[in-house]
Amino acid sequence: MKTTRWAIGAFAVVATLGLSACGSGFSGGATKQDSSKPLTVLIGSSGAAETAAVKSAVADWSKKSGTKATVQVASDLNQQLAQGFSSGKPADVFYLSTDQLATYATNGSLLAYGDSLKNKSDFYPALVKAFTLNNKFYCAPKDFSTLQLIINTSKWQAAGLTDADIPTTWDQLSAVAKKLTSGGTTGLVMGGEYARMGAFMVQAGGNIVNSDNTKATADSAGNVTALDYIKQNLQQGSFALAADVGAGWGGEAFGKQLGAMTVEGNWIAGAMKADFPDVQYRAVPLPKGPEGAGTLQFTNCWGVAADSANTQGAQDLIAQLTSTSDQLAFAKAFGVLPSIQSAASEFRTAYPELVPFLNGVDYAKTPPTAKGSADVVADLNSKLAQLKSQDPATVLAATQKNLAPLYK
Amino acid sequence: MANASAPRRIRSGQALSGWLFTAPVLLILGVFLLVPVLMAAWVSVSDWTGRGSPFASGVNLVGGDNYARLTSGGGLAASDFGTSLKNNLWYVILVVPTQTALALGLALLVNRRVLRGRGFFRTAYYFPSVTSSVAITVLWLFLFSTTGAVNAVIAALGGSGPNWFNDPNGLFHFGAQQGPEFLTANTTLGVSWWDWLGGPSVAMTAFILLAVFTTSGTFMLLFLAALQNLSAEVEEAAEVDGAGSWQRFWRVTFPQLRPALFTVITLGLIGSWQVFDQIAVGSQGEPGKTTLTPAYLSYQNSFGQNEWGAGAAIAFILFAIIIVFTVIQRLVLTERTISNAKAQRIRRAYADAGRGPASGRRGGAS
């Protein structure tokens with residue numbers, strides 16, 4: 001009796017293992033290439049406008065090349081990418097951010113196709129650098145964004161300020177922020193995170209990594225200067241953090257007129273048009289710090305999965321998606337900055353209000369890209385959100401301790 | 001039944017059909033539970049990077065490395081894990097007793113025969129439990145926003161409410177920003193003693209209230225079922241013996257609820273150690289990582305950072321913690337026969353008084 005029971009039990013375990021093996025495929029191995037295989041494009045969309053623009057661009061290519069391609073909009077891009085790679089059936093083409101690059105490059109999920117791009121030299125060098133790891137240029141930059149200063153022009157005029165008052169130094173920024181603070185409005189409201197405050201670090205000659213992204217420099221003197229400056233203004237009440245005024249991000253605080261200025265990227269244009277069409281605003285360059293102009297740049301690339309069955313088709317599609325005409329169409333649809341220099345002059349004439357963001361690429365720095373750096377930045381953010389009551393040097397020293405091991 | 005071999009034959013036939021009938025469930029449980037658990041166990045001791053199968057040839061056994069990185073080493077992984085344990089421990093300490101007491105209280109209220117509209121109250125109290133946790137978390141975000149209803153009520157009462165979901169200050173720090181040296185300098189699991197003692201953050205307190213609000217209805221139902229199962233005779237007998245209502249509850253009703261209490265506390269412990277959806281929807285661990293929980297950290301490690309080994313290891317440590325807590329409360333709540341010495345004493349005392357229970361009878365609740 002007992003043996004039968006064990007035999008049945010053992011059979012059940014083997015059967016279930018066998019069944020699940022059929023489902024997921026336990027074996028590895030290279031994927032056979034077939035240039036007619038349909039492609040899947042996985043994107044993390046900012047909204048309906050972006051989805052429609054990407055879908056129409058992909059459909060155009062599909063019609064021209066005869067290869068079927070479908071666009072999927074991820075609700076959580078990182079999670080869906082991770083699921084794809086672990087199941088061995090990833091999307092062929094996908095958005096990939098700089099902080100995920102190292103993770104997927106080191107485990108071999110990514111195809112390093114960048115060096116074979118025909119228009120490689122047309123991409124801004126800073127963006128190529130952001131997607132280069134161990135001397136391999138992994139993927140084509142899709143577009144980019146930089147941070148600049150956004151000003152509410154009605155509040156600006158109401159406070160008796162003119163174009164001549166647009167701040168070019170930190171002291172001038174503090175002065176206008178103080179003038180603009182009144183009633184329920186704070187002079188400058190920004191997100192309490194590295195991805196905003198980092199711009200001030202760059203202006204003070206710092207950043208939490210060096211420009212080559214090869215060394216952690218979180219505890220450098222410039223970073224302390226920058227955080228001290230922001231902290232001081234927070235304490236004086238002429239700066240505030242978005243969360244402290246009950247807003248989800250700087251743009252929301254700005255749109256609700258809880259802040260007369262904010263530090264945000266070019267994506268704010270879309271948000272203002274959709275949610276706060278009545279607020280008059282303009283973008284101007286961030287003021288220069290003790291070490292000159294500085295901002296942060298954010299970029300995504302078109303990643304290609306190493307396990308894709310049609311990597312040639314994927315690269316052809318990307319060549320089309322990064323072409324001048326497609327990038328200008330994307331800029332028109334959802335306000336991104338083209339990643340190629342040949343689209344710049346046309347962009348400048350078509351979108352003069354976004355020119356300060358485009359000019360930022362000349363002096364912008366990239367956030368850290370090492371594997372695990374997203375965790376360290378998240379930890380730093382949790383402290384920057386409380387900057388008012390924190391000691392900048394202590395916060396940065398802790399970040400340095402966490403970041404340094406990632407660059408060994 | 002006359003011959004000995006007949007029942008055996010029937011039984012073996014029954015066994016076969018028994019296996020046959022349970023086979024579909026066993027198979028489903030195997031595929032969706034046993035195999036994933038075994039795979040996760042393997043991932044937690046491997047260096048799998050999240051590409052392809054964890055059983056492929058390139059994946060190596062790394063032993064306890066993933067576990068060691070979480071529990072020692074002083075890195076970010078260890079301090080994150082320590083912080084999540086601290087957060088969740090306070091959550092459990094405050095949620096489980098509160099929800100159990102509240103559920104019992106509500107059950108007693110709606111169990112009263114004289115209460116008008118009992119059906120309405122039973123439904124009303126149970127309502128938060130059947131609402132989707134995502135919907136109710138979003139509702140909570142609105143209620144507890146800076147300018148939300150809760151702060152409006154506090155303001156109307158003359159106080160000023162905190163910025164709930166953005167306030168990382170520990171409840172038991174009472175606004176103090178810096179603790180004494182001996183508390184801040186010493187750390188356990190990468191978290192300073194000062195932080196361990198700080199209690200839940202204001203943000204976590206809002207989640208604690210949410211958990212109590214949503215779960216006490218469910219547990220009220222369990223208590224209510226148990227209460228309706230109690231025989232009225234025992235209660236009446238106690239009343240005849242002259243027990244007051246307070247005595248009747250603590251000495252007669254409450255001891256009889258012990259099985260229900262065990263179920264409620266066990267389910268409460270498991271549920272509150274595994275808190276995930278409220279965090280994922282409401283705060284993602286912010287502010288200041290004070291609402292980070294092991295379940296959410298495990299997800300974040302695996303799907304966000306591709307640290308599958310660490311993510312799986314957290315899940316197994318969490319499993320161990322839940323088992324330990326359940327065993328402890330099982331020991332505490334278990335029904336005990338009173339010791340021989342104590343029984344002797346009671347018998348002697350009764351004998352002296354001239355009346356006594358039959359010798360050798362088991363004692364009741366201690």
# chains A, B, ... in the order shown; residues from 1 in each chain; ligands from 1
call {"tool": "interface_residues", "arguments": {"of": "chain B", "to": "chain A", "cutoff": "8 Å", "atoms": "only C-alpha atoms", "output": "PyMOL selection string"}}
result
chain B and resi 26-27+30-31+35+49-57+75-76+145-147+163+166+177+286-289+303-306
call {"tool": "select_by_dssp", "arguments": {"residues": "range 93-340 of chain A", "states": "strand (DSSP E)", "output": "CSV table (one decimal) with all heavy atoms, in the first residue's frame"}}
result
chain,number,residue,atom,x,y,z
A,93,VAL,N,11.9,44.4,-30.1
A,93,VAL,CA,12.4,45.8,-30.0
A,93,VAL,C,11.6,46.5,-28.9
A,93,VAL,O,10.5,46.2,-28.7
A,93,VAL,CB,12.0,46.6,-31.3
A,93,VAL,CG1,12.5,48.1,-31.2
A,93,VAL,CG2,12.7,45.9,-32.5
A,94,PHE,N,12.4,47.2,-28.1
A,94,PHE,CA,11.7,47.8,-26.9
A,94,PHE,C,12.4,49.1,-26.4
A,94,PHE,O,13.6,49.3,-26.8
A,94,PHE,CB,11.7,46.8,-25.7
A,94,PHE,CG,13.0,46.1,-25.6
A,94,PHE,CD1,14.1,46.6,-24.8
A,94,PHE,CD2,13.2,44.9,-26.2
A,94,PHE,CE1,15.3,46.0,-24.7
A,94,PHE,CE2,14.5,44.2,-26.0
A,94,PHE,CZ,15.5,44.8,-25.3
A,95,TYR,N,11.7,49.9,-25.7
A,95,TYR,CA,12.3,51.1,-25.0
A,95,TYR,C,13.3,50.6,-23.9
A,95,TYR,O,12.9,49.7,-23.2
A,95,TYR,CB,11.3,52.0,-24.4
A,95,TYR,CG,10.4,52.8,-25.2
A,95,TYR,CD1,10.4,52.7,-26.6
A,95,TYR,CD2,9.6,53.8,-24.7
A,95,TYR,CE1,9.6,53.5,-27.4
A,95,TYR,CE2,8.8,54.7,-25.4
A,95,TYR,CZ,8.8,54.5,-26.8
A,95,TYR,OH,8.0,55.3,-27.6
A,96,LEU,N,14.4,51.2,-23.8
A,96,LEU,CA,15.3,50.8,-22.7
A,96,LEU,C,15.9,52.0,-22.1
A,96,LEU,O,16.5,52.9,-22.9
A,96,LEU,CB,16.4,49.8,-23.3
A,96,LEU,CG,17.3,49.2,-22.2
A,96,LEU,CD1,16.5,48.1,-21.4
A,96,LEU,CD2,18.5,48.6,-22.8
A,97,SER,N,15.8,52.2,-20.8
A,97,SER,CA,16.4,53.4,-20.2
A,97,SER,C,17.8,53.2,-19.8
A,97,SER,O,18.3,52.0,-19.7
A,97,SER,CB,15.6,53.8,-19.0
A,97,SER,OG,15.7,52.7,-18.0
A,132,THR,N,26.9,53.3,-24.2
A,132,THR,CA,28.1,52.5,-24.5
A,132,THR,C,28.6,51.9,-23.2
A,132,THR,O,28.7,52.6,-22.2
A,132,THR,CB,29.2,53.4,-25.1
A,132,THR,OG1,28.7,54.0,-26.3
A,132,THR,CG2,30.5,52.6,-25.4
A,133,LEU,N,28.8,50.6,-23.3
A,133,LEU,CA,29.3,49.9,-22.1
A,133,LEU,C,30.4,49.0,-22.5
A,133,LEU,O,30.3,48.2,-23.5
A,133,LEU,CB,28.1,49.1,-21.5
A,133,LEU,CG,28.2,48.6,-20.1
A,133,LEU,CD1,28.0,49.8,-19.1
A,133,LEU,CD2,27.2,47.5,-19.8
A,136,LYS,N,31.3,48.9,-26.1
A,136,LYS,CA,30.3,48.5,-27.1
A,136,LYS,C,29.2,49.4,-27.1
A,136,LYS,O,28.6,49.7,-26.0
A,136,LYS,CB,29.9,47.1,-26.8
A,136,LYS,CG,30.7,46.0,-27.4
A,136,LYS,CD,30.0,44.7,-27.4
A,136,LYS,CE,30.5,43.8,-26.3
A,136,LYS,NZ,29.9,42.5,-26.2
A,137,PHE,N,28.8,50.0,-28.3
A,137,PHE,CA,27.6,50.9,-28.4
A,137,PHE,C,26.4,50.0,-28.6
A,137,PHE,O,26.3,49.3,-29.6
A,137,PHE,CB,27.9,51.8,-29.6
A,137,PHE,CG,26.7,52.7,-29.9
A,137,PHE,CD1,25.9,53.2,-28.9
A,137,PHE,CD2,26.5,53.2,-31.2
A,137,PHE,CE1,24.8,54.1,-29.2
A,137,PHE,CE2,25.5,54.1,-31.5
A,137,PHE,CZ,24.6,54.5,-30.5
A,140,ALA,N,20.5,52.3,-30.3
A,140,ALA,CA,20.4,53.6,-30.9
A,140,ALA,C,19.5,54.5,-29.9
A,140,ALA,O,18.4,54.1,-29.6
A,140,ALA,CB,19.7,53.5,-32.2
A,141,PRO,N,20.0,55.7,-29.5
A,141,PRO,CA,19.2,56.6,-28.7
A,141,PRO,C,17.9,56.9,-29.4
A,141,PRO,O,18.0,57.3,-30.6
A,141,PRO,CB,20.1,57.8,-28.5
A,141,PRO,CG,21.5,57.3,-28.8
A,141,PRO,CD,21.3,56.2,-29.8
A,142,LYS,N,16.8,56.8,-28.7
A,142,LYS,CA,15.5,57.1,-29.3
A,142,LYS,C,15.2,58.6,-29.4
A,142,LYS,O,14.8,59.1,-30.4
A,142,LYS,CB,14.5,56.4,-28.4
A,142,LYS,CG,13.1,56.5,-28.8
A,142,LYS,CD,12.2,55.6,-27.9
A,142,LYS,CE,12.0,56.2,-26.6
A,142,LYS,NZ,11.0,57.3,-26.6
A,143,ASP,N,15.5,59.3,-28.3
A,143,ASP,CA,15.3,60.7,-28.2
A,143,ASP,C,15.9,61.1,-26.9
A,143,ASP,O,16.5,60.2,-26.2
A,143,ASP,CB,13.8,61.1,-28.3
A,143,ASP,CG,13.0,60.3,-27.3
A,143,ASP,OD1,13.4,60.0,-26.2
A,143,ASP,OD2,11.9,59.9,-27.7
A,144,PHE,N,15.8,62.3,-26.5
A,144,PHE,CA,16.3,62.7,-25.1
A,144,PHE,C,15.6,63.8,-24.6
A,144,PHE,O,14.8,64.5,-25.3
A,144,PHE,CB,17.8,62.9,-25.2
A,144,PHE,CG,18.2,64.2,-25.8
A,144,PHE,CD1,18.6,65.3,-25.0
A,144,PHE,CD2,18.2,64.4,-27.2
A,144,PHE,CE1,19.0,66.5,-25.6
A,144,PHE,CE2,18.6,65.6,-27.7
A,144,PHE,CZ,18.9,66.6,-26.9
A,145,SER,N,15.8,64.1,-23.3
A,145,SER,CA,15.2,65.2,-22.6
A,145,SER,C,16.3,65.8,-21.7
A,145,SER,O,17.2,65.1,-21.2
A,145,SER,CB,14.1,64.7,-21.7
A,145,SER,OG,13.1,64.0,-22.5
A,146,THR,N,16.2,67.1,-21.5
A,146,THR,CA,17.0,67.8,-20.5
A,146,THR,C,16.1,68.6,-19.6
A,146,THR,O,15.0,68.8,-19.8
A,146,THR,CB,18.0,68.7,-21.1
A,146,THR,OG1,17.3,69.8,-21.8
A,146,THR,CG2,18.9,68.0,-22.1
A,147,LEU,N,16.7,69.0,-18.4
A,147,LEU,CA,16.0,69.8,-17.5
A,147,LEU,C,16.3,71.3,-17.7
A,147,LEU,O,17.4,71.6,-18.0
A,147,LEU,CB,16.4,69.5,-16.0
A,147,LEU,CG,16.2,68.1,-15.5
A,147,LEU,CD1,16.9,67.9,-14.2
A,147,LEU,CD2,14.7,67.8,-15.4
A,148,GLN,N,15.3,72.1,-17.6
A,148,GLN,CA,15.5,73.6,-17.6
A,148,GLN,C,14.6,74.2,-16.6
A,148,GLN,O,13.8,73.5,-16.0
A,148,GLN,CB,15.3,74.2,-19.0
A,148,GLN,CG,16.4,73.7,-20.1
A,148,GLN,CD,17.8,74.0,-19.7
A,148,GLN,OE1,18.2,74.6,-18.7
A,148,GLN,NE2,18.7,73.5,-20.6
A,149,LEU,N,14.6,75.5,-16.6
A,149,LEU,CA,13.8,76.3,-15.6
A,149,LEU,C,12.5,76.7,-16.3
A,149,LEU,O,12.5,77.2,-17.4
A,149,LEU,CB,14.5,77.5,-15.2
A,149,LEU,CG,13.9,78.3,-14.1
A,149,LEU,CD1,13.8,77.6,-12.8
A,149,LEU,CD2,14.6,79.7,-13.8
A,150,ILE,N,11.3,76.4,-15.7
A,150,ILE,CA,10.0,76.7,-16.3
A,150,ILE,C,9.4,77.8,-15.4
A,150,ILE,O,9.4,77.8,-14.2
A,150,ILE,CB,9.1,75.5,-16.2
A,150,ILE,CG1,9.8,74.2,-16.5
A,150,ILE,CG2,7.9,75.7,-17.2
A,150,ILE,CD1,10.3,74.0,-17.9
A,151,ILE,N,9.0,78.9,-16.2
A,151,ILE,CA,8.5,80.1,-15.5
A,151,ILE,C,7.0,80.3,-15.8
A,151,ILE,O,6.7,80.3,-17.0
A,151,ILE,CB,9.3,81.3,-15.9
A,151,ILE,CG1,10.8,81.2,-15.3
A,151,ILE,CG2,8.7,82.6,-15.4
A,151,ILE,CD1,11.7,82.3,-15.8
A,152,ASN,N,6.2,80.6,-14.8
A,152,ASN,CA,4.8,81.0,-15.0
A,152,ASN,C,4.9,82.5,-15.3
A,152,ASN,O,5.1,83.4,-14.5
A,152,ASN,CB,4.1,80.8,-13.7
A,152,ASN,CG,2.6,81.1,-13.8
A,152,ASN,OD1,2.3,82.1,-14.5
A,152,ASN,ND2,1.8,80.3,-13.1
A,186,THR,N,4.7,79.3,-3.9
A,186,THR,CA,6.1,79.3,-3.5
A,186,THR,C,6.9,79.7,-4.8
A,186,THR,O,6.4,79.3,-5.9
A,186,THR,CB,6.5,77.9,-3.0
A,186,THR,OG1,5.6,77.5,-2.0
A,186,THR,CG2,7.9,78.0,-2.4
A,187,GLY,N,8.0,80.3,-4.6
A,187,GLY,CA,8.8,80.8,-5.8
A,187,GLY,C,9.1,79.7,-6.7
A,187,GLY,O,8.8,79.7,-7.9
A,188,LEU,N,9.8,78.6,-6.2
A,188,LEU,CA,10.2,77.5,-7.0
A,188,LEU,C,9.8,76.2,-6.3
A,188,LEU,O,10.1,76.0,-5.2
A,188,LEU,CB,11.7,77.5,-7.3
A,188,LEU,CG,12.2,76.5,-8.2
A,188,LEU,CD1,13.2,77.1,-9.2
A,188,LEU,CD2,12.9,75.3,-7.5
A,189,VAL,N,9.0,75.4,-7.0
A,189,VAL,CA,8.6,74.1,-6.5
A,189,VAL,C,9.2,73.0,-7.4
A,189,VAL,O,8.9,73.0,-8.6
A,189,VAL,CB,7.1,73.9,-6.4
A,189,VAL,CG1,6.7,72.6,-5.8
A,189,VAL,CG2,6.5,75.0,-5.5
A,190,MET,N,10.0,72.1,-6.8
A,190,MET,CA,10.5,71.0,-7.7
A,190,MET,C,10.4,69.7,-7.0
A,190,MET,O,10.2,69.6,-5.8
A,190,MET,CB,11.9,71.4,-8.1
A,190,MET,CG,12.9,71.4,-7.0
A,190,MET,SD,14.5,71.6,-7.8
A,190,MET,CE,15.6,71.7,-6.4
A,239,PHE,N,11.9,78.1,-1.9
A,239,PHE,CA,11.8,76.9,-2.6
A,239,PHE,C,10.9,76.0,-1.8
A,239,PHE,O,10.8,76.1,-0.6
A,239,PHE,CB,13.2,76.2,-2.8
A,239,PHE,CG,14.1,76.8,-3.7
A,239,PHE,CD1,14.0,78.1,-4.2
A,239,PHE,CD2,15.3,76.1,-4.2
A,239,PHE,CE1,14.9,78.7,-5.1
A,239,PHE,CE2,16.2,76.6,-5.0
A,239,PHE,CZ,16.0,77.9,-5.5
A,240,ALA,N,10.3,75.0,-2.5
A,240,ALA,CA,9.6,73.9,-1.8
A,240,ALA,C,9.6,72.7,-2.7
A,240,ALA,O,9.9,72.8,-3.9
A,240,ALA,CB,8.1,74.3,-1.6
A,241,LEU,N,9.5,71.5,-2.0
A,241,LEU,CA,9.4,70.3,-2.8
A,241,LEU,C,8.0,70.0,-3.1
A,241,LEU,O,7.1,70.2,-2.3
A,241,LEU,CB,10.1,69.2,-1.9
A,241,LEU,CG,11.5,69.4,-1.5
A,241,LEU,CD1,12.1,68.2,-0.8
A,241,LEU,CD2,12.4,69.7,-2.8
A,259,GLY,N,3.5,76.7,-7.4
A,259,GLY,CA,4.8,77.2,-7.5
A,259,GLY,C,4.9,78.1,-8.8
A,259,GLY,O,4.2,77.8,-9.8
A,260,ALA,N,5.6,79.2,-8.7
A,260,ALA,CA,5.7,80.1,-9.9
A,260,ALA,C,6.8,79.6,-10.8
A,260,ALA,O,6.8,80.0,-12.0
A,260,ALA,CB,6.0,81.5,-9.4
A,261,MET,N,7.7,78.8,-10.4
A,261,MET,CA,8.8,78.3,-11.2
A,261,MET,C,8.9,76.8,-10.9
A,261,MET,O,8.6,76.3,-9.8
A,261,MET,CB,10.1,79.0,-11.0
A,261,MET,CG,10.1,80.4,-11.3
A,261,MET,SD,11.8,81.1,-11.2
A,261,MET,CE,12.0,81.2,-9.4
A,262,THR,N,9.5,76.0,-11.8
A,262,THR,CA,9.8,74.6,-11.5
A,262,THR,C,11.0,74.2,-12.3
A,262,THR,O,11.4,74.9,-13.3
A,262,THR,CB,8.6,73.7,-11.7
A,262,THR,OG1,9.0,72.4,-11.2
A,262,THR,CG2,8.2,73.5,-13.1
A,263,VAL,N,11.6,73.1,-12.0
A,263,VAL,CA,12.7,72.5,-12.7
A,263,VAL,C,12.2,71.3,-13.3
A,263,VAL,O,11.9,70.3,-12.6
A,263,VAL,CB,14.0,72.3,-11.9
A,263,VAL,CG1,15.1,71.6,-12.7
A,263,VAL,CG2,14.4,73.5,-11.2
A,264,GLU,N,11.9,71.2,-14.6
A,264,GLU,CA,11.4,70.1,-15.3
A,264,GLU,C,12.0,69.9,-16.7
A,264,GLU,O,12.7,70.8,-17.2
A,264,GLU,CB,9.9,70.1,-15.4
A,264,GLU,CG,9.2,69.8,-14.0
A,264,GLU,CD,9.4,68.3,-13.6
A,264,GLU,OE1,9.7,67.5,-14.4
A,264,GLU,OE2,9.2,68.1,-12.4
A,265,GLY,N,11.7,68.8,-17.3
A,265,GLY,CA,12.2,68.6,-18.7
A,265,GLY,C,11.1,69.0,-19.7
A,265,GLY,O,10.0,69.4,-19.4
A,281,TYR,N,3.2,80.0,-19.6
A,281,TYR,CA,4.6,79.7,-19.1
A,281,TYR,C,5.6,79.7,-20.2
A,281,TYR,O,5.2,79.7,-21.4
A,281,TYR,CB,4.6,78.3,-18.5
A,281,TYR,CG,4.5,77.2,-19.5
A,281,TYR,CD1,5.7,76.5,-19.9
A,281,TYR,CD2,3.3,76.8,-20.0
A,281,TYR,CE1,5.6,75.5,-20.9
A,281,TYR,CE2,3.2,75.8,-20.9
A,281,TYR,CZ,4.3,75.1,-21.4
A,281,TYR,OH,4.2,74.1,-22.3
A,282,ARG,N,6.9,79.7,-19.9
A,282,ARG,CA,7.9,79.6,-20.9
A,282,ARG,C,9.1,78.9,-20.2
A,282,ARG,O,9.2,78.9,-19.0
A,282,ARG,CB,8.3,80.9,-21.4
A,282,ARG,CG,9.0,81.8,-20.4
A,282,ARG,CD,9.4,83.2,-21.0
A,282,ARG,NE,10.6,83.1,-21.8
A,282,ARG,CZ,11.4,84.1,-22.1
A,282,ARG,NH1,11.0,85.3,-21.6
A,282,ARG,NH2,12.5,84.0,-22.7
A,283,ALA,N,9.9,78.3,-21.0
A,283,ALA,CA,11.1,77.6,-20.5
A,283,ALA,C,12.3,78.5,-20.8
A,283,ALA,O,12.5,79.0,-21.9
A,283,ALA,CB,11.3,76.2,-21.2
A,284,VAL,N,13.2,78.6,-19.8
A,284,VAL,CA,14.5,79.4,-20.0
A,284,VAL,C,15.6,78.5,-19.4
A,284,VAL,O,15.3,77.5,-18.7
A,284,VAL,CB,14.4,80.7,-19.2
A,284,VAL,CG1,13.3,81.6,-19.7
A,284,VAL,CG2,14.3,80.5,-17.7
A,295,THR,N,23.0,70.7,-16.5
A,295,THR,CA,21.7,70.1,-16.4
A,295,THR,C,21.9,68.6,-16.5
A,295,THR,O,23.0,68.1,-16.7
A,295,THR,CB,20.8,70.6,-17.5
A,295,THR,OG1,19.5,70.1,-17.2
A,295,THR,CG2,21.2,70.2,-18.9
A,296,LEU,N,20.8,67.9,-16.3
A,296,LEU,CA,20.9,66.4,-16.5
A,296,LEU,C,20.2,66.1,-17.8
A,296,LEU,O,19.2,66.8,-18.2
A,296,LEU,CB,20.2,65.7,-15.3
A,296,LEU,CG,20.9,65.7,-14.0
A,296,LEU,CD1,20.0,65.0,-12.9
A,296,LEU,CD2,22.3,65.1,-14.0
A,297,GLN,N,20.6,65.0,-18.4
A,297,GLN,CA,19.9,64.5,-19.6
A,297,GLN,C,19.3,63.1,-19.3
A,297,GLN,O,20.0,62.4,-18.6
A,297,GLN,CB,20.8,64.5,-20.8
A,297,GLN,CG,21.9,63.5,-20.7
A,297,GLN,CD,22.8,63.6,-22.0
A,297,GLN,OE1,22.7,64.5,-22.8
A,297,GLN,NE2,23.6,62.6,-22.1
A,298,PHE,N,18.2,62.8,-19.9
A,298,PHE,CA,17.6,61.5,-19.7
A,298,PHE,C,17.3,61.0,-21.1
A,298,PHE,O,16.9,61.8,-22.0
A,298,PHE,CB,16.3,61.6,-19.0
A,298,PHE,CG,16.4,62.4,-17.7
A,298,PHE,CD1,16.1,63.7,-17.6
A,298,PHE,CD2,16.9,61.7,-16.6
A,298,PHE,CE1,16.3,64.4,-16.4
A,298,PHE,CE2,17.1,62.4,-15.4
A,298,PHE,CZ,16.8,63.7,-15.3
A,299,THR,N,17.6,59.8,-21.3
A,299,THR,CA,17.4,59.2,-22.7
A,299,THR,C,17.0,57.8,-22.6
A,299,THR,O,17.3,57.1,-21.7
A,299,THR,CB,18.6,59.4,-23.5
A,299,THR,OG1,18.5,58.8,-24.8
A,299,THR,CG2,19.9,58.9,-22.9
A,300,ASN,N,16.3,57.3,-23.6
A,300,ASN,CA,15.9,55.9,-23.8
A,300,ASN,C,16.5,55.5,-25.2
A,300,ASN,O,16.7,56.3,-26.0
A,300,ASN,CB,14.4,55.8,-23.9
A,300,ASN,CG,13.8,55.7,-22.5
A,300,ASN,OD1,14.2,54.9,-21.7
A,300,ASN,ND2,12.9,56.7,-22.2
A,301,CYS,N,16.7,54.2,-25.3
A,301,CYS,CA,17.2,53.7,-26.6
A,301,CYS,C,16.2,52.7,-27.1
A,301,CYS,O,15.3,52.2,-26.4
A,301,CYS,CB,18.6,53.2,-26.6
A,301,CYS,SG,18.7,51.6,-25.8
A,302,TRP,N,16.4,52.3,-28.4
A,302,TRP,CA,15.6,51.2,-29.0
A,302,TRP,C,16.4,50.0,-28.8
A,302,TRP,O,17.4,49.7,-29.5
A,302,TRP,CB,15.4,51.4,-30.5
A,302,TRP,CG,14.5,52.6,-30.8
A,302,TRP,CD1,14.8,53.8,-31.3
A,302,TRP,CD2,13.1,52.5,-30.7
A,302,TRP,NE1,13.7,54.5,-31.5
A,302,TRP,CE2,12.6,53.8,-31.2
A,302,TRP,CE3,12.1,51.6,-30.3
A,302,TRP,CZ2,11.2,54.1,-31.2
A,302,TRP,CZ3,10.8,51.9,-30.4
A,302,TRP,CH2,10.3,53.2,-30.8
A,303,GLY,N,16.1,49.2,-27.7
A,303,GLY,CA,16.8,48.0,-27.5
A,303,GLY,C,16.4,46.8,-28.4
A,303,GLY,O,15.2,46.8,-28.8
A,304,VAL,N,17.3,45.9,-28.7
A,304,VAL,CA,17.0,44.8,-29.5
A,304,VAL,C,17.4,43.5,-28.6
A,304,VAL,O,18.5,43.5,-28.1
A,304,VAL,CB,17.7,44.7,-30.8
A,304,VAL,CG1,17.5,43.4,-31.5
A,304,VAL,CG2,17.2,45.9,-31.7
A,337,LEU,N,12.9,65.5,-27.9
A,337,LEU,CA,14.0,66.1,-28.6
A,337,LEU,C,14.7,65.0,-29.5
A,337,LEU,O,15.0,64.0,-29.0
A,337,LEU,CB,15.1,66.7,-27.7
A,337,LEU,CG,14.5,67.6,-26.6
A,337,LEU,CD1,15.7,68.1,-25.7
A,337,LEU,CD2,13.9,68.8,-27.2
A,338,PRO,N,14.9,65.3,-30.8
A,338,PRO,CA,15.5,64.3,-31.7
A,338,PRO,C,16.9,64.0,-31.2
A,338,PRO,O,17.6,64.9,-30.7
A,338,PRO,CB,15.5,65.0,-33.0
A,338,PRO,CG,14.6,66.2,-32.9
A,338,PRO,CD,14.5,66.5,-31.5
call {"tool": "atom_distance", "arguments": {"atom1": "CA of Gln315 in chain A", "atom2": "CA of Tyr113 in chain A"}}
result
7.7 Å
call {"tool": "select_by_dssp", "arguments": {"residues": "range 261-321 of chain B", "states": "alpha helix (DSSP H)", "output": "VMD selection string"}}
result
chain B and resid 261 to 273 277 to 282 294 to 299 308 to 321
call {"tool": "residues_around", "arguments": {"residues": "Leu333 in chain B", "least_positions_apart": "6", "cutoff": "9 Å", "atoms": "only C-alpha atoms", "output": "MDAnalysis selection string"}}
result
chainID B and resid 258:259 261:262
call {"tool": "residues_around", "arguments": {"residues": "Ser46 in chain B", "least_positions_apart": "4", "cutoff": "9 Å", "atoms": "only C-alpha atoms", "output": "VMD selection string"}}
result
chain B and resid 41 to 42 54 59 to 66 308 to 309
call {"tool": "residues_around", "arguments": {"residues": "range 312-319 of chain B", "least_positions_apart": "4", "cutoff": "12 Å", "atoms": "only C-alpha atoms", "output": "JSON, numbers by chain"}}
result
{"B": [36, 37, 38, 39, 40, 41, 42, 43, 44, 45, 46, 47, 48, 50, 63, 64, 65, 66, 67, 68, 69, 70, 71, 77, 78, 80, 81, 82, 84, 85, 88, 89, 269, 270, 271, 272, 273, 274, 275, 293, 294, 295, 296, 297, 298, 299, 300, 301, 302, 303, 306, 307, 308, 323, 324, 325, 326]}
call {"tool": "residues_around", "arguments": {"residues": "range 116-131 of chain B", "least_positions_apart": "5", "cutoff": "8 Å", "atoms": "only C-alpha atoms", "output": "PyMOL selection string"}}
result
chain B and resi 106+110-111+136+213-218+220-221
